[in-house]
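What follows is one structure encoded as structure tokens, with my remarks underneath.
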Amino acid sequence: MKNKLAEIKNFITNLIKGKAFRVVIITIMLVGITCIVSYYAFRAYKTYNKSYNETNNSINEHIQDLQNRITRLEQSNTDLVKTKDEFQNKLWACLTYVRMYQIFYEKADEMFANGISGCAIKYINSGNPKKLPDGCYRWRSAKEKQPNSRDTYYQNPDQEYYNSLKSLYYQMLKFQELCNQ
């Protein structure tokens with residue numbers, strides 16, 4: 001038995017001194033190092049993959065946000081063009097109203113100058129342009145006697161002139177309404 005133990009001891013001593021032992025130790029060390037490197041590489045891959053996915057999701061969110069902004073900007077541009085057109089139409093209506101206002105009062109002034117005493121606006125607003133509103137007289141009015149009443153005065157202005165002036169007045173009011181919207 002002593003011989004057997006001595007043989008095993010010699011074998012182990014020779015093994016430790018020999019190349020085979022060194023190869024086995026180096027192999028074990030390499031396997032250990034490979035395992036350690038693989039473990040850290042796998043952890044790094046998981047971390048990188050997670051980071052990559054988060055970055056990819058973040059980029060996709062930014063792209064979606066930019067697309068939403070582009071859509072909102074296009075809508076805002078459409079709204080601005082519409083507002084600009086409305087503003088230009090309003091401006092045109094206001095300028096037309098001012099021009100018509102000047103023409104109307106110029107023509108109404110001519111009507112006064114032609115002998116109508118301060119009642120042009122009442123004429124324009126009255127339902128019956130031939131009938132002079134109460135309190136309005138013209139120097140050369142036709143005087144007619146009505147049965148059982150006092151004298152009544154009728155105005156007989158140029159009907160075409162009056163109708164043109166009345167039409168101008170109502171057009172002017174329409175442009176004023178468009179201007180004030």
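Ligands are numbered from 1 in the order shown, chains are lettered A, B, ... in the order of the structure tokens, and residues start at 1 in each chain.
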
_List the spatial neighbours of Leu168 in chain A as a PyMOL selection string - criterion: any atom at most 7 Å away, only C-alpha atoms, same-chain residues fewer than 4 positions off excluded._
chain A and resi 104+164+172

Dump as an mmCIF file, in the first residue's frame, selection limited to N, CA and C atoms:
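And here's result.cif as it stands now:
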data_model
loop_
_atom_site.group_PDB
_atom_site.id
_atom_site.type_symbol
_atom_site.label_atom_id
_atom_site.label_comp_id
_atom_site.auth_asym_id
_atom_site.auth_seq_id
_atom_site.Cartn_x
_atom_site.Cartn_y
_atom_site.Cartn_z
ATOM 1 N N PHE A 104 -72.520 109.138 -51.283
ATOM 2 C CA PHE A 104 -73.900 109.292 -50.830
ATOM 3 C C PHE A 104 -74.136 110.688 -50.270
ATOM 4 N N SER A 164 -81.816 106.076 -57.167
ATOM 5 C CA SER A 164 -80.370 105.828 -57.215
ATOM 6 C C SER A 164 -79.742 106.105 -55.859
ATOM 7 N N MET A 172 -74.434 100.933 -49.366
ATOM 8 C CA MET A 172 -73.485 101.446 -48.388
ATOM 9 C C MET A 172 -73.679 100.731 -47.046
#

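In this model, the gap between CA of Glu177 in chain A and CA of Lys82 in chain A comes to 19.7 Å.
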
*Which distance in Å separates CA of Leu95 in chain A and CA of Phe175 in chain A, to one decimal?*
8.9 Å

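Between Thr96 in chain A and the residues A:Ser167, A:Gln176, A:Asn60, A:Asn68, the shortest atom-to-atom distance, using only C-alpha atoms, involves A:Gln176.
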
*Would you work out the distance separating CA of Leu5 in chain A from CA of Ile25 in chain A, expressed in Å to one decimal?*
23.6 Å
